[in-house]
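Enquirer: Dropping in entry-v6.cif, which is mmCIF, C-alpha atoms (C1' of nucleotides):
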```cif
data_coords
loop_
_atom_site.group_PDB
_atom_site.id
_atom_site.type_symbol
_atom_site.label_atom_id
_atom_site.label_comp_id
_atom_site.auth_asym_id
_atom_site.auth_seq_id
_atom_site.Cartn_x
_atom_site.Cartn_y
_atom_site.Cartn_z
ATOM 1 C CA MET A 39 121.314 -163.445 114.009
ATOM 2 C CA THR A 40 122.423 -160.940 111.403
ATOM 3 C CA LEU A 41 123.944 -162.083 108.132
ATOM 4 C CA THR A 42 126.906 -160.607 106.287
ATOM 5 C CA ASP A 43 126.578 -159.362 102.748
ATOM 6 C CA THR A 44 128.156 -162.565 101.446
ATOM 7 C CA GLU A 45 125.763 -164.723 103.455
ATOM 8 C CA LEU A 46 122.789 -162.752 102.178
ATOM 9 C CA ASP A 47 124.088 -163.261 98.633
ATOM 10 C CA ALA A 48 124.284 -167.017 99.131
ATOM 11 C CA THR A 49 120.927 -167.230 100.878
ATOM 12 C CA PHE A 50 118.899 -165.276 98.324
ATOM 13 C CA THR A 51 120.750 -166.908 95.418
ATOM 14 C CA ALA A 52 119.772 -170.300 96.834
ATOM 15 C CA LEU A 53 116.140 -169.185 97.122
ATOM 16 C CA ALA A 54 116.114 -167.790 93.576
ATOM 17 C CA ASP A 55 115.827 -171.161 91.831
ATOM 18 C CA PRO A 56 112.534 -173.095 91.533
ATOM 19 C CA THR A 57 114.228 -176.502 91.835
ATOM 20 C CA ARG A 58 115.981 -175.442 95.018
ATOM 21 C CA ARG A 59 112.776 -173.963 96.446
ATOM 22 C CA ALA A 60 110.982 -177.229 95.682
ATOM 23 C CA ILE A 61 113.722 -179.072 97.562
ATOM 24 C CA LEU A 62 113.238 -176.766 100.547
ATOM 25 C CA VAL A 63 109.479 -177.327 100.448
ATOM 26 C CA ARG A 64 110.075 -181.050 100.432
ATOM 27 C CA LEU A 65 112.524 -180.759 103.317
ATOM 28 C CA SER A 66 110.059 -178.731 105.350
ATOM 29 C CA THR A 67 108.082 -181.965 105.677
ATOM 30 C CA GLY A 68 111.095 -183.907 106.910
ATOM 31 C CA GLU A 69 114.574 -185.198 106.175
ATOM 32 C CA ALA A 70 115.381 -186.734 102.792
ATOM 33 C CA THR A 71 118.321 -188.286 100.960
ATOM 34 C CA VAL A 72 119.738 -187.016 97.673
ATOM 35 C CA ASN A 73 118.009 -189.790 95.733
ATOM 36 C CA GLU A 74 114.662 -189.052 97.348
ATOM 37 C CA LEU A 75 115.040 -185.358 96.638
ATOM 38 C CA ALA A 76 116.030 -186.013 93.017
ATOM 39 C CA GLN A 77 113.132 -188.365 92.310
ATOM 40 C CA PRO A 78 110.428 -185.763 91.416
ATOM 41 C CA PHE A 79 112.694 -183.908 88.993
ATOM 42 C CA ASP A 80 113.541 -184.585 85.387
ATOM 43 C CA LEU A 81 117.212 -184.067 86.157
ATOM 44 C CA THR A 82 120.261 -186.245 86.658
ATOM 45 C CA LEU A 83 121.302 -187.081 90.178
ATOM 46 C CA GLN A 84 124.441 -185.022 89.676
ATOM 47 C CA ALA A 85 122.441 -181.911 88.839
ATOM 48 C CA VAL A 86 120.339 -182.270 91.982
ATOM 49 C CA SER A 87 123.485 -182.930 93.982
ATOM 50 C CA LYS A 88 124.796 -179.570 92.762
ATOM 51 C CA HIS A 89 121.612 -177.795 93.828
ATOM 52 C CA ILE A 90 121.917 -179.393 97.232
ATOM 53 C CA LYS A 91 125.475 -178.172 97.509
ATOM 54 C CA VAL A 92 124.285 -174.633 96.766
ATOM 55 C CA LEU A 93 121.654 -174.931 99.484
ATOM 56 C CA GLU A 94 124.180 -176.340 101.934
ATOM 57 C CA HIS A 95 126.681 -173.593 101.109
ATOM 58 C CA SER A 96 123.965 -171.014 101.766
ATOM 59 C CA GLY A 97 123.346 -172.461 105.226
ATOM 60 C CA LEU A 98 119.668 -173.116 104.458
ATOM 61 C CA ILE A 99 120.194 -176.855 104.898
ATOM 62 C CA SER A 100 122.743 -179.141 106.506
ATOM 63 C CA ARG A 101 123.458 -182.836 106.269
ATOM 64 C CA ARG A 102 124.213 -185.890 108.325
ATOM 65 C CA LYS A 103 126.304 -188.833 107.170
ATOM 66 C CA GLU A 104 124.416 -192.052 107.688
ATOM 67 C CA ALA A 105 125.788 -195.267 106.164
ATOM 68 C CA GLN A 106 125.799 -194.710 102.386
ATOM 69 C CA THR A 107 123.175 -191.982 102.451
ATOM 70 C CA ARG A 108 123.591 -188.312 103.313
ATOM 71 C CA PRO A 109 120.214 -187.065 104.580
ATOM 72 C CA CYS A 110 119.502 -183.332 104.285
ATOM 73 C CA HIS A 111 117.459 -181.224 106.667
ATOM 74 C CA LEU A 112 116.295 -177.607 106.850
ATOM 75 C CA GLU A 113 118.100 -174.993 108.912
ATOM 76 C CA THR A 114 115.354 -172.594 109.864
ATOM 77 C CA GLU A 115 117.758 -170.112 111.395
ATOM 78 C CA ARG A 116 118.782 -169.055 107.922
ATOM 79 C CA LEU A 117 115.179 -168.621 106.886
ATOM 80 C CA ASP A 118 114.714 -166.491 109.986
ATOM 81 C CA ALA A 119 117.748 -164.401 109.100
ATOM 82 C CA ALA A 120 116.504 -163.780 105.565
ATOM 83 C CA VAL A 121 113.163 -162.600 106.897
ATOM 84 C CA THR A 122 114.976 -160.377 109.383
ATOM 85 C CA TRP A 123 116.795 -158.554 106.600
ATOM 86 C CA ILE A 124 113.595 -157.964 104.645
ATOM 87 C CA ASP A 125 111.726 -156.827 107.748
ATOM 88 C CA GLU A 126 114.483 -154.327 108.440
ATOM 89 C CA GLN A 127 113.855 -152.630 105.101
ATOM 90 C CA ARG A 128 110.106 -152.619 105.635
ATOM 91 C CA LYS A 129 110.579 -151.089 109.058
ATOM 92 C CA VAL A 130 112.609 -148.160 107.707
ATOM 93 C CA TRP A 131 110.144 -147.772 104.873
ATOM 94 C CA ASN A 132 107.179 -147.703 107.236
ATOM 95 C CA ASP A 133 108.890 -145.248 109.579
ATOM 96 C CA ARG A 134 109.344 -143.007 106.583
ATOM 97 C CA PHE A 135 105.631 -143.212 105.846
ATOM 98 C CA ASP A 136 104.900 -142.261 109.429
ATOM 99 C CA GLN A 137 107.093 -139.199 109.010
ATOM 100 C CA LEU A 138 105.394 -138.335 105.736
ATOM 101 C CA ASP A 139 102.046 -138.721 107.429
ATOM 102 C CA HIS A 140 103.178 -136.409 110.217
ATOM 103 C CA HIS A 141 104.461 -133.909 107.672
ATOM 104 C CA LEU A 142 101.207 -133.967 105.743
ATOM 105 C CA ARG A 143 99.244 -133.295 108.917
ATOM 106 C CA GLN A 144 101.417 -130.245 109.564
ATOM 107 C CA LEU A 145 100.831 -128.996 106.033
ATOM 108 C CA GLN A 146 97.124 -129.434 106.545
ATOM 109 C CA ALA A 147 97.219 -127.501 109.803
ATOM 110 C CA GLN A 148 99.001 -124.475 108.344
ATOM 111 C CA PRO A 149 98.442 -123.898 104.592
ATOM 112 C CA THR A 150 101.717 -123.006 102.827
ATOM 113 C CA PRO A 151 102.547 -121.462 99.441
ATOM 114 C CA LYS A 152 102.970 -124.230 96.904
ATOM 115 C CA LYS A 153 106.534 -124.588 95.646
ATOM 116 C CA GLU A 154 106.579 -127.456 93.179
ATOM 117 C CA LEU A 155 104.494 -130.572 92.758
ATOM 118 C CA MET B 44 99.181 -161.934 97.996
ATOM 119 C CA THR B 45 100.764 -165.145 96.770
ATOM 120 C CA LEU B 46 103.439 -165.131 94.101
ATOM 121 C CA THR B 47 103.878 -167.509 91.184
ATOM 122 C CA ASP B 48 107.034 -169.526 90.758
ATOM 123 C CA THR B 49 108.262 -167.072 88.123
ATOM 124 C CA GLU B 50 107.598 -164.106 90.379
ATOM 125 C CA LEU B 51 109.451 -165.762 93.243
ATOM 126 C CA ASP B 52 112.374 -166.389 90.881
ATOM 127 C CA ALA B 53 112.488 -162.732 89.920
ATOM 128 C CA THR B 54 112.066 -161.488 93.478
ATOM 129 C CA PHE B 55 114.782 -163.620 95.081
ATOM 130 C CA THR B 56 117.109 -163.111 92.099
ATOM 131 C CA ALA B 57 116.732 -159.368 92.595
ATOM 132 C CA LEU B 58 117.528 -159.713 96.293
ATOM 133 C CA ALA B 59 120.565 -161.924 95.618
ATOM 134 C CA ASP B 60 122.879 -159.096 94.548
ATOM 135 C CA PRO B 61 124.601 -156.742 97.028
ATOM 136 C CA THR B 62 124.352 -153.730 94.718
ATOM 137 C CA ARG B 63 120.622 -154.264 94.302
ATOM 138 C CA ARG B 64 120.130 -154.758 98.032
ATOM 139 C CA ALA B 65 122.031 -151.511 98.650
ATOM 140 C CA ILE B 66 119.688 -149.780 96.218
ATOM 141 C CA LEU B 67 116.687 -151.141 98.121
ATOM 142 C CA VAL B 68 118.167 -149.972 101.418
ATOM 143 C CA ARG B 69 118.630 -146.526 99.921
ATOM 144 C CA LEU B 70 115.072 -146.515 98.592
ATOM 145 C CA SER B 71 113.687 -147.515 101.964
ATOM 146 C CA THR B 72 114.632 -143.998 103.071
ATOM 147 C CA GLY B 73 112.801 -142.381 100.179
ATOM 148 C CA GLU B 74 112.513 -141.962 96.428
ATOM 149 C CA ALA B 75 115.625 -141.466 94.308
ATOM 150 C CA THR B 76 116.588 -140.972 90.679
ATOM 151 C CA VAL B 77 118.920 -143.246 88.716
ATOM 152 C CA ASN B 78 121.780 -140.773 89.055
ATOM 153 C CA GLU B 79 121.280 -140.468 92.799
ATOM 154 C CA LEU B 80 121.194 -144.239 93.158
ATOM 155 C CA ALA B 81 124.311 -144.691 91.026
ATOM 156 C CA GLN B 82 126.355 -142.100 92.913
ATOM 157 C CA PRO B 83 127.652 -144.322 95.787
ATOM 158 C CA PHE B 84 128.805 -147.087 93.459
ATOM 159 C CA ASP B 85 131.971 -147.487 91.439
ATOM 160 C CA LEU B 86 129.907 -148.442 88.406
ATOM 161 C CA THR B 87 128.798 -146.825 85.190
ATOM 162 C CA LEU B 88 125.312 -145.341 85.030
ATOM 163 C CA GLN B 89 124.369 -148.026 82.514
ATOM 164 C CA ALA B 90 125.253 -150.804 84.946
ATOM 165 C CA VAL B 91 123.111 -149.267 87.684
ATOM 166 C CA SER B 92 120.325 -148.716 85.170
ATOM 167 C CA LYS B 93 120.400 -152.451 84.475
ATOM 168 C CA HIS B 94 120.196 -153.309 88.165
ATOM 169 C CA ILE B 95 117.233 -150.991 88.480
ATOM 170 C CA LYS B 96 115.550 -152.714 85.568
ATOM 171 C CA VAL B 97 116.023 -156.062 87.325
ATOM 172 C CA LEU B 98 114.462 -154.637 90.486
ATOM 173 C CA GLU B 99 111.588 -153.134 88.525
ATOM 174 C CA HIS B 100 111.002 -156.387 86.653
ATOM 175 C CA SER B 101 110.878 -158.217 89.982
ATOM 176 C CA GLY B 102 108.160 -155.866 91.213
ATOM 177 C CA LEU B 103 110.245 -154.790 94.227
ATOM 178 C CA ILE B 104 110.316 -151.206 92.953
ATOM 179 C CA SER B 105 108.364 -149.081 90.512
ATOM 180 C CA ARG B 106 108.968 -145.736 88.864
ATOM 181 C CA ARG B 107 107.342 -142.450 88.015
ATOM 182 C CA LYS B 108 108.209 -140.335 85.012
ATOM 183 C CA GLU B 109 108.965 -136.791 86.072
ATOM 184 C CA ALA B 110 110.494 -134.368 83.558
ATOM 185 C CA GLN B 111 113.852 -135.887 82.556
ATOM 186 C CA THR B 112 114.198 -137.974 85.695
ATOM 187 C CA ARG B 113 112.583 -141.304 86.522
ATOM 188 C CA PRO B 114 112.387 -141.558 90.314
ATOM 189 C CA CYS B 115 112.250 -145.084 91.810
ATOM 190 C CA HIS B 116 110.384 -146.123 94.922
ATOM 191 C CA LEU B 117 109.966 -149.334 96.926
ATOM 192 C CA GLU B 118 106.985 -151.630 96.512
ATOM 193 C CA THR B 119 106.662 -153.198 99.928
ATOM 194 C CA GLU B 120 103.966 -155.615 98.791
ATOM 195 C CA ARG B 121 106.637 -157.658 97.085
ATOM 196 C CA LEU B 122 108.752 -157.687 100.206
ATOM 197 C CA ASP B 123 105.679 -158.865 102.084
ATOM 198 C CA ALA B 124 105.087 -161.612 99.543
ATOM 199 C CA ALA B 125 108.668 -162.861 99.790
ATOM 200 C CA VAL B 126 108.379 -163.057 103.560
ATOM 201 C CA THR B 127 105.062 -164.879 103.180
ATOM 202 C CA TRP B 128 106.681 -167.630 101.134
ATOM 203 C CA ILE B 129 109.492 -168.117 103.658
ATOM 204 C CA ASP B 130 107.065 -168.090 106.573
ATOM 205 C CA GLU B 131 105.044 -170.785 104.856
ATOM 206 C CA GLN B 132 108.018 -173.132 104.884
ATOM 207 C CA ARG B 133 108.836 -172.341 108.487
ATOM 208 C CA LYS B 134 105.238 -173.035 109.450
ATOM 209 C CA VAL B 135 105.247 -176.517 107.885
ATOM 210 C CA TRP B 136 108.632 -177.178 109.429
ATOM 211 C CA ASN B 137 107.443 -176.120 112.862
ATOM 212 C CA ASP B 138 104.264 -178.155 112.538
ATOM 213 C CA ARG B 139 106.463 -181.123 111.803
ATOM 214 C CA PHE B 140 108.452 -180.476 114.943
ATOM 215 C CA ASP B 141 105.220 -180.364 116.889
ATOM 216 C CA GLN B 142 104.315 -183.760 115.479
ATOM 217 C CA LEU B 143 107.744 -185.114 116.306
ATOM 218 C CA ASP B 144 107.366 -183.788 119.812
ATOM 219 C CA HIS B 145 103.990 -185.474 120.106
ATOM 220 C CA HIS B 146 105.447 -188.704 118.757
ATOM 221 C CA LEU B 147 108.333 -188.626 121.198
ATOM 222 C CA ARG B 148 105.929 -188.150 124.091
ATOM 223 C CA GLN B 149 104.026 -191.232 122.980
ATOM 224 C CA LEU B 150 107.246 -193.220 122.784
ATOM 225 C CA GLN B 151 108.104 -192.083 126.270
ATOM 226 C CA ALA B 152 104.688 -193.128 127.566
ATOM 227 C CA GLN B 153 104.830 -196.651 126.153
ATOM 228 C CA PRO B 154 108.330 -198.125 125.587
ATOM 229 C CA THR B 155 108.543 -199.871 122.202
ATOM 230 C CA PRO B 156 110.999 -202.360 120.694
ATOM 231 C CA LYS B 157 113.690 -200.445 118.841
ATOM 232 C CA LYS B 158 113.541 -200.907 115.070
ATOM 233 C CA GLU B 159 116.338 -198.822 113.589
ATOM 234 C CA LEU B 160 118.092 -195.675 114.649
ATOM 235 C "C1'" DC C 1355 136.401 -210.159 98.218
ATOM 236 C "C1'" DC C 1356 133.057 -208.810 94.809
ATOM 237 C "C1'" DG C 1357 128.948 -206.580 93.167
ATOM 238 C "C1'" DT C 1358 125.524 -203.048 94.100
ATOM 239 C "C1'" DT C 1359 123.970 -198.723 95.604
ATOM 240 C "C1'" DG C 1360 124.339 -193.750 97.117
ATOM 241 C "C1'" DA C 1361 126.668 -189.961 96.117
ATOM 242 C "C1'" DT C 1362 130.472 -187.057 94.529
ATOM 243 C "C1'" DC C 1363 134.281 -185.489 91.390
ATOM 244 C "C1'" DA C 1364 135.994 -183.926 86.888
ATOM 245 C "C1'" DA C 1365 135.630 -182.195 82.378
ATOM 246 C "C1'" DC C 1366 132.928 -180.234 78.956
ATOM 247 C "C1'" DT C 1367 128.956 -177.383 76.713
ATOM 248 C "C1'" DG C 1368 125.527 -173.896 76.176
ATOM 249 C "C1'" DT C 1369 123.307 -170.038 78.325
ATOM 250 C "C1'" DT C 1370 122.703 -166.349 81.271
ATOM 251 C "C1'" DC C 1371 124.556 -162.325 83.495
ATOM 252 C "C1'" DA C 1372 127.420 -158.270 85.019
ATOM 253 C "C1'" DG C 1373 130.016 -154.964 83.275
ATOM 254 C "C1'" DT C 1374 131.892 -151.778 79.651
ATOM 255 C "C1'" DA C 1375 131.774 -148.196 75.680
ATOM 256 C "C1'" DG C 1376 129.383 -145.696 72.220
ATOM 257 C "C1'" DA C 1377 125.289 -144.020 70.112
ATOM 258 C "C1'" DT C 1378 120.626 -142.377 70.847
ATOM 259 C "C1'" DT C 1379 116.313 -140.495 72.820
ATOM 260 C "C1'" DA C 1380 113.754 -137.074 75.594
ATOM 261 C "C1'" DC C 1381 113.174 -133.178 78.070
ATOM 262 C "C1'" DG C 1382 114.062 -128.371 79.805
ATOM 263 C "C1'" DG C 1383 116.511 -123.975 79.685
ATOM 264 C "C1'" DA C 1384 118.983 -120.101 77.401
ATOM 265 C "C1'" DT D 900 116.800 -123.781 67.938
ATOM 266 C "C1'" DC D 901 120.757 -125.375 70.152
ATOM 267 C "C1'" DC D 902 122.952 -127.137 74.346
ATOM 268 C "C1'" DG D 903 123.202 -129.805 78.564
ATOM 269 C "C1'" DT D 904 121.407 -133.333 81.385
ATOM 270 C "C1'" DA D 905 118.897 -137.834 82.537
ATOM 271 C "C1'" DA D 906 118.459 -142.082 81.115
ATOM 272 C "C1'" DT D 907 118.122 -145.889 77.891
ATOM 273 C "C1'" DC D 908 119.401 -148.961 73.794
ATOM 274 C "C1'" DT D 909 122.726 -151.742 71.368
ATOM 275 C "C1'" DA D 910 126.656 -154.491 70.832
ATOM 276 C "C1'" DC D 911 130.330 -156.653 72.825
ATOM 277 C "C1'" DT D 912 133.373 -159.314 76.441
ATOM 278 C "C1'" DG D 913 134.495 -162.228 80.252
ATOM 279 C "C1'" DA D 914 132.758 -164.746 84.219
ATOM 280 C "C1'" DA D 915 129.482 -167.579 86.467
ATOM 281 C "C1'" DC D 916 126.064 -171.148 86.198
ATOM 282 C "C1'" DA D 917 122.968 -175.104 85.012
ATOM 283 C "C1'" DG D 918 123.069 -179.131 82.884
ATOM 284 C "C1'" DT D 919 125.202 -183.279 80.782
ATOM 285 C "C1'" DT D 920 128.312 -187.751 80.629
ATOM 286 C "C1'" DG D 921 131.855 -190.725 82.456
ATOM 287 C "C1'" DA D 922 134.819 -192.030 86.105
ATOM 288 C "C1'" DT D 923 135.484 -192.543 90.995
ATOM 289 C "C1'" DC D 924 134.782 -193.276 95.994
ATOM 290 C "C1'" DA D 925 132.643 -195.235 100.155
ATOM 291 C "C1'" DA D 926 129.690 -198.361 102.504
ATOM 292 C "C1'" DC D 927 126.958 -202.372 102.990
ATOM 293 C "C1'" DG D 928 125.384 -207.375 101.770
ATOM 294 C "C1'" DG D 929 126.275 -211.693 99.738
#
```
Represent the structure contained in this file as structure tokens.
Expert:
Amino acid sequence: MTLTDTELDATFTALADPTRRAILVRLSTGEATVNELAQPFDLTLQAVSKHIKVLEHSGLISRRKEAQTRPCHLETERLDAAVTWIDEQRKVWNDRFDQLDHHLRQLQAQPTPKKEL
Amino acid sequence: MTLTDTELDATFTALADPTRRAILVRLSTGEATVNELAQPFDLTLQAVSKHIKVLEHSGLISRRKEAQTRPCHLETERLDAAVTWIDEQRKVWNDRFDQLDHHLRQLQAQPTPKKEL
DNA sequence: CCGTTGATCAACTGTTCAGTAGATTACGGA
DNA sequence: TCCGTAATCTACTGAACAGTTGATCAACGG
């Protein structure tokens, strides 16, 4: 799935914070509630709740509603989509190198007058 | 190569802005100067210069010094490193699913008394 | 129904960030 | 040497953001 510009904004913004990345790492090992996620951090519950909202808004996680708790879990599709965007750039970049390589081989085959470095 | 927390911060922060992503897309097709990069945007040269500094600081691009111009080019190693981090999380997540799958098979094999949903 | 727990909402503060304008540096060409 | 061009540095403004405290809501257990 391809993301819009706005979705890419939200996704990379969510990934750009160490607390939020730590939450994702924790969630990669399984579901967790807000309290459980907040426990390792020297932050108020409200602050962690905000981070979770950012992650949820980005689509990187989603949540169930279970009794009083609201367990969070990873949405790997968004991780996939982020990688897809990056790979796209690398692909174009690498294609360009292939062309450069081809060009250099041509130059080698038929020596030309040097123009500018 | 593995990135530190600070480097991941800088890398994902750099990717979190649409102008900066557009600059990266442009650079994936080849080197460009600050003026060339600024041209498509409705921004002052100074603003674009700042974005470029953010990208350079993140390690996603680097620059040569050529006469008056300072051409920028992509550093794909950083793109690779960002993908590596994301893949790491997906791997753990998928491993967990494998375990869950294994667990469910066991449950299916030998019916157990239900504890809690 | 009341107290406890999990979590959010609301208001406020301090900091970071994107953008601007104006001055400045650095290089190359006439 | 003087001018034009490429780019940066500095100082400023307004918006967004991370964090706090205090109040509130919703669900369960006695």
Enquirer: I need the contact residues of chain C against chain B, so if you could list those with any atom within 9 Å, counting all atoms listed in the file, and return them as a PyMOL selection string, that would help.
Expert: chain C and resi 1372-1374+1380-1382
Enquirer: Any chance you could lay chain A over chain B, fitting all C-alpha atoms in order by least squares, and write the moved chain as a compact mmCIF listing (two decimals) with C-alpha atoms, in the coordinates of the input?
Expert:
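Contents of superposed_13.txt, freshly written:
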```txt
# COMPACT_ATOMS: atom_id res chain seq x y z
CA MET A 39 99.09 -161.85 97.89
CA THR A 40 100.65 -165.08 96.69
CA LEU A 41 103.35 -165.07 94.04
CA THR A 42 103.76 -167.44 91.11
CA ASP A 43 106.90 -169.47 90.66
CA THR A 44 108.14 -167.01 88.04
CA GLU A 45 107.51 -164.04 90.33
CA LEU A 46 109.35 -165.74 93.17
CA ASP A 47 112.26 -166.36 90.79
CA ALA A 48 112.42 -162.69 89.85
CA THR A 49 112.01 -161.48 93.42
CA PHE A 50 114.70 -163.65 95.00
CA THR A 51 117.04 -163.13 92.03
CA ALA A 52 116.69 -159.38 92.53
CA LEU A 53 117.47 -159.76 96.24
CA ALA A 54 120.49 -161.98 95.55
CA ASP A 55 122.81 -159.15 94.48
CA PRO A 56 124.58 -156.83 96.96
CA THR A 57 124.33 -153.79 94.66
CA ARG A 58 120.60 -154.30 94.25
CA ARG A 59 120.13 -154.81 97.99
CA ALA A 60 122.04 -151.58 98.63
CA ILE A 61 119.70 -149.82 96.21
CA LEU A 62 116.70 -151.18 98.11
CA VAL A 63 118.19 -150.04 101.41
CA ARG A 64 118.68 -146.59 99.96
CA LEU A 65 115.12 -146.56 98.62
CA SER A 66 113.73 -147.56 102.00
CA THR A 67 114.70 -144.07 103.14
CA GLY A 68 112.88 -142.41 100.25
CA GLU A 69 112.59 -141.96 96.51
CA ALA A 70 115.71 -141.48 94.38
CA THR A 71 116.66 -140.96 90.75
CA VAL A 72 118.97 -143.23 88.77
CA ASN A 73 121.86 -140.79 89.11
CA GLU A 74 121.39 -140.52 92.86
CA LEU A 75 121.24 -144.28 93.20
CA ALA A 76 124.36 -144.74 91.05
CA GLN A 77 126.43 -142.18 92.94
CA PRO A 78 127.72 -144.43 95.80
CA PHE A 79 128.83 -147.19 93.44
CA ASP A 80 131.98 -147.60 91.42
CA LEU A 81 129.91 -148.52 88.38
CA THR A 82 128.79 -146.83 85.19
CA LEU A 83 125.35 -145.32 85.07
CA GLN A 84 124.35 -147.94 82.52
CA ALA A 85 125.24 -150.78 84.88
CA VAL A 86 123.14 -149.29 87.67
CA SER A 87 120.33 -148.69 85.20
CA LYS A 88 120.39 -152.42 84.44
CA HIS A 89 120.19 -153.31 88.12
CA ILE A 90 117.24 -150.98 88.47
CA LYS A 91 115.53 -152.67 85.56
CA VAL A 92 115.98 -156.03 87.30
CA LEU A 93 114.44 -154.62 90.46
CA GLU A 94 111.57 -153.09 88.52
CA HIS A 95 110.97 -156.33 86.63
CA SER A 96 110.83 -158.17 89.96
CA GLY A 97 108.12 -155.81 91.21
CA LEU A 98 110.22 -154.76 94.22
CA ILE A 99 110.31 -151.18 92.96
CA SER A 100 108.37 -149.02 90.53
CA ARG A 101 109.01 -145.68 88.91
CA ARG A 102 107.41 -142.38 88.08
CA LYS A 103 108.29 -140.22 85.09
CA GLU A 104 109.05 -136.70 86.21
CA ALA A 105 110.57 -134.26 83.71
CA GLN A 106 113.94 -135.74 82.71
CA THR A 107 114.29 -137.88 85.81
CA ARG A 108 112.69 -141.23 86.58
CA PRO A 109 112.46 -141.53 90.37
CA CYS A 110 112.29 -145.04 91.85
CA HIS A 111 110.42 -146.11 94.95
CA LEU A 112 110.00 -149.31 96.96
CA GLU A 113 107.00 -151.59 96.54
CA THR A 114 106.63 -153.17 99.94
CA GLU A 115 103.94 -155.56 98.78
CA ARG A 116 106.59 -157.61 97.05
CA LEU A 117 108.71 -157.68 100.18
CA ASP A 118 105.63 -158.85 102.05
CA ALA A 119 105.02 -161.57 99.49
CA ALA A 120 108.59 -162.85 99.73
CA VAL A 121 108.30 -163.07 103.50
CA THR A 122 104.98 -164.87 103.11
CA TRP A 123 106.58 -167.61 101.04
CA ILE A 124 109.38 -168.13 103.55
CA ASP A 125 106.96 -168.12 106.48
CA GLU A 126 104.92 -170.79 104.75
CA GLN A 127 107.90 -173.14 104.74
CA ARG A 128 108.70 -172.38 108.36
CA LYS A 129 105.11 -173.06 109.32
CA VAL A 130 105.12 -176.53 107.75
CA TRP A 131 108.51 -177.20 109.28
CA ASN A 132 107.34 -176.17 112.74
CA ASP A 133 104.14 -178.21 112.45
CA ARG A 134 106.34 -181.18 111.68
CA PHE A 135 108.34 -180.54 114.84
CA ASP A 136 105.12 -180.42 116.81
CA GLN A 137 104.19 -183.81 115.40
CA LEU A 138 107.63 -185.18 116.21
CA ASP A 139 107.30 -183.82 119.71
CA HIS A 140 103.92 -185.51 120.05
CA HIS A 141 105.36 -188.75 118.72
CA LEU A 142 108.27 -188.63 121.13
CA ARG A 143 105.90 -188.14 124.05
CA GLN A 144 104.00 -191.25 122.98
CA LEU A 145 107.23 -193.23 122.77
CA GLN A 146 108.12 -192.06 126.24
CA ALA A 147 104.73 -193.10 127.59
CA GLN A 148 104.91 -196.65 126.24
CA PRO A 149 108.45 -198.05 125.78
CA THR A 150 108.79 -199.89 122.45
CA PRO A 151 111.34 -202.36 121.05
CA LYS A 152 114.03 -200.43 119.23
CA LYS A 153 114.03 -201.01 115.48
CA GLU A 154 116.80 -198.90 114.01
CA LEU A 155 118.48 -195.69 115.05
```
Enquirer: Residues of chain D within 9 Å of chain A, counting all atoms listed in the file - could you list those as a ChimeraX atom specification?
Expert: /D:917-919,925-927
Enquirer: Quick one, how far is atom CA of Glu94 of chain A from atom CA of Ala54 of chain A?
Expert: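 Atom CA of Ala54 of chain A lies at a distance of 14.4 Å from atom CA of Glu94 of chain A.
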Enquirer: Hey, what comes out of the PyMOL selection byres ((chain A and resi 71) around 7) on this file? Could you write it as a VMD selection string?
Expert: chain A and resid 70 72 to 75 107 to 110
Enquirer: Please evaluate the PyMOL selection byres ((chain A) within 7 of (chain B)) against the displayed coordinates and give the resulting residues as a ChimeraX atom specification.
Expert: /A:43,46-47,50-51,53-56,63,66-67,114,117,121,124,127-128,130-131,134
Enquirer: Based on the selection just made, write C-alpha atoms of those residues as a PDB file, keeping the file's coordinate frame.
Expert:
```pdb
ATOM      1  CA  ASP A  43     126.578-159.362 102.748  1.00  0.00           C
ATOM      2  CA  LEU A  46     122.789-162.752 102.178  1.00  0.00           C
ATOM      3  CA  ASP A  47     124.088-163.261  98.633  1.00  0.00           C
ATOM      4  CA  PHE A  50     118.899-165.276  98.324  1.00  0.00           C
ATOM      5  CA  THR A  51     120.750-166.908  95.418  1.00  0.00           C
ATOM      6  CA  LEU A  53     116.140-169.185  97.122  1.00  0.00           C
ATOM      7  CA  ALA A  54     116.114-167.790  93.576  1.00  0.00           C
ATOM      8  CA  ASP A  55     115.827-171.161  91.831  1.00  0.00           C
ATOM      9  CA  PRO A  56     112.534-173.095  91.533  1.00  0.00           C
ATOM     10  CA  VAL A  63     109.479-177.327 100.448  1.00  0.00           C
ATOM     11  CA  SER A  66     110.059-178.731 105.350  1.00  0.00           C
ATOM     12  CA  THR A  67     108.082-181.965 105.677  1.00  0.00           C
ATOM     13  CA  THR A 114     115.354-172.594 109.864  1.00  0.00           C
ATOM     14  CA  LEU A 117     115.179-168.621 106.886  1.00  0.00           C
ATOM     15  CA  VAL A 121     113.163-162.600 106.897  1.00  0.00           C
ATOM     16  CA  ILE A 124     113.595-157.964 104.645  1.00  0.00           C
ATOM     17  CA  GLN A 127     113.855-152.630 105.101  1.00  0.00           C
ATOM     18  CA  ARG A 128     110.106-152.619 105.635  1.00  0.00           C
ATOM     19  CA  VAL A 130     112.609-148.160 107.707  1.00  0.00           C
ATOM     20  CA  TRP A 131     110.144-147.772 104.873  1.00  0.00           C
ATOM     21  CA  ARG A 134     109.344-143.007 106.583  1.00  0.00           C
TER      22      ARG A 134
END
```
Enquirer: Just give me the gap between atom C1' of DC1363 of chain C and atom C1' of DG921 of chain D in Å, one decimal is fine.
Expert: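 Between atom C1' of DC1363 of chain C and atom C1' of DG921 of chain D the gap works out to 10.6 Å.
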Enquirer: Name the residues that the PyMOL selection byres ((chain D and resi 911) around 10) picks from the file above, as a PyMOL selection string, using the file's chain letters and numbers.
Expert: (chain C and resi 1374-1375) or (chain D and resi 909-910+912)
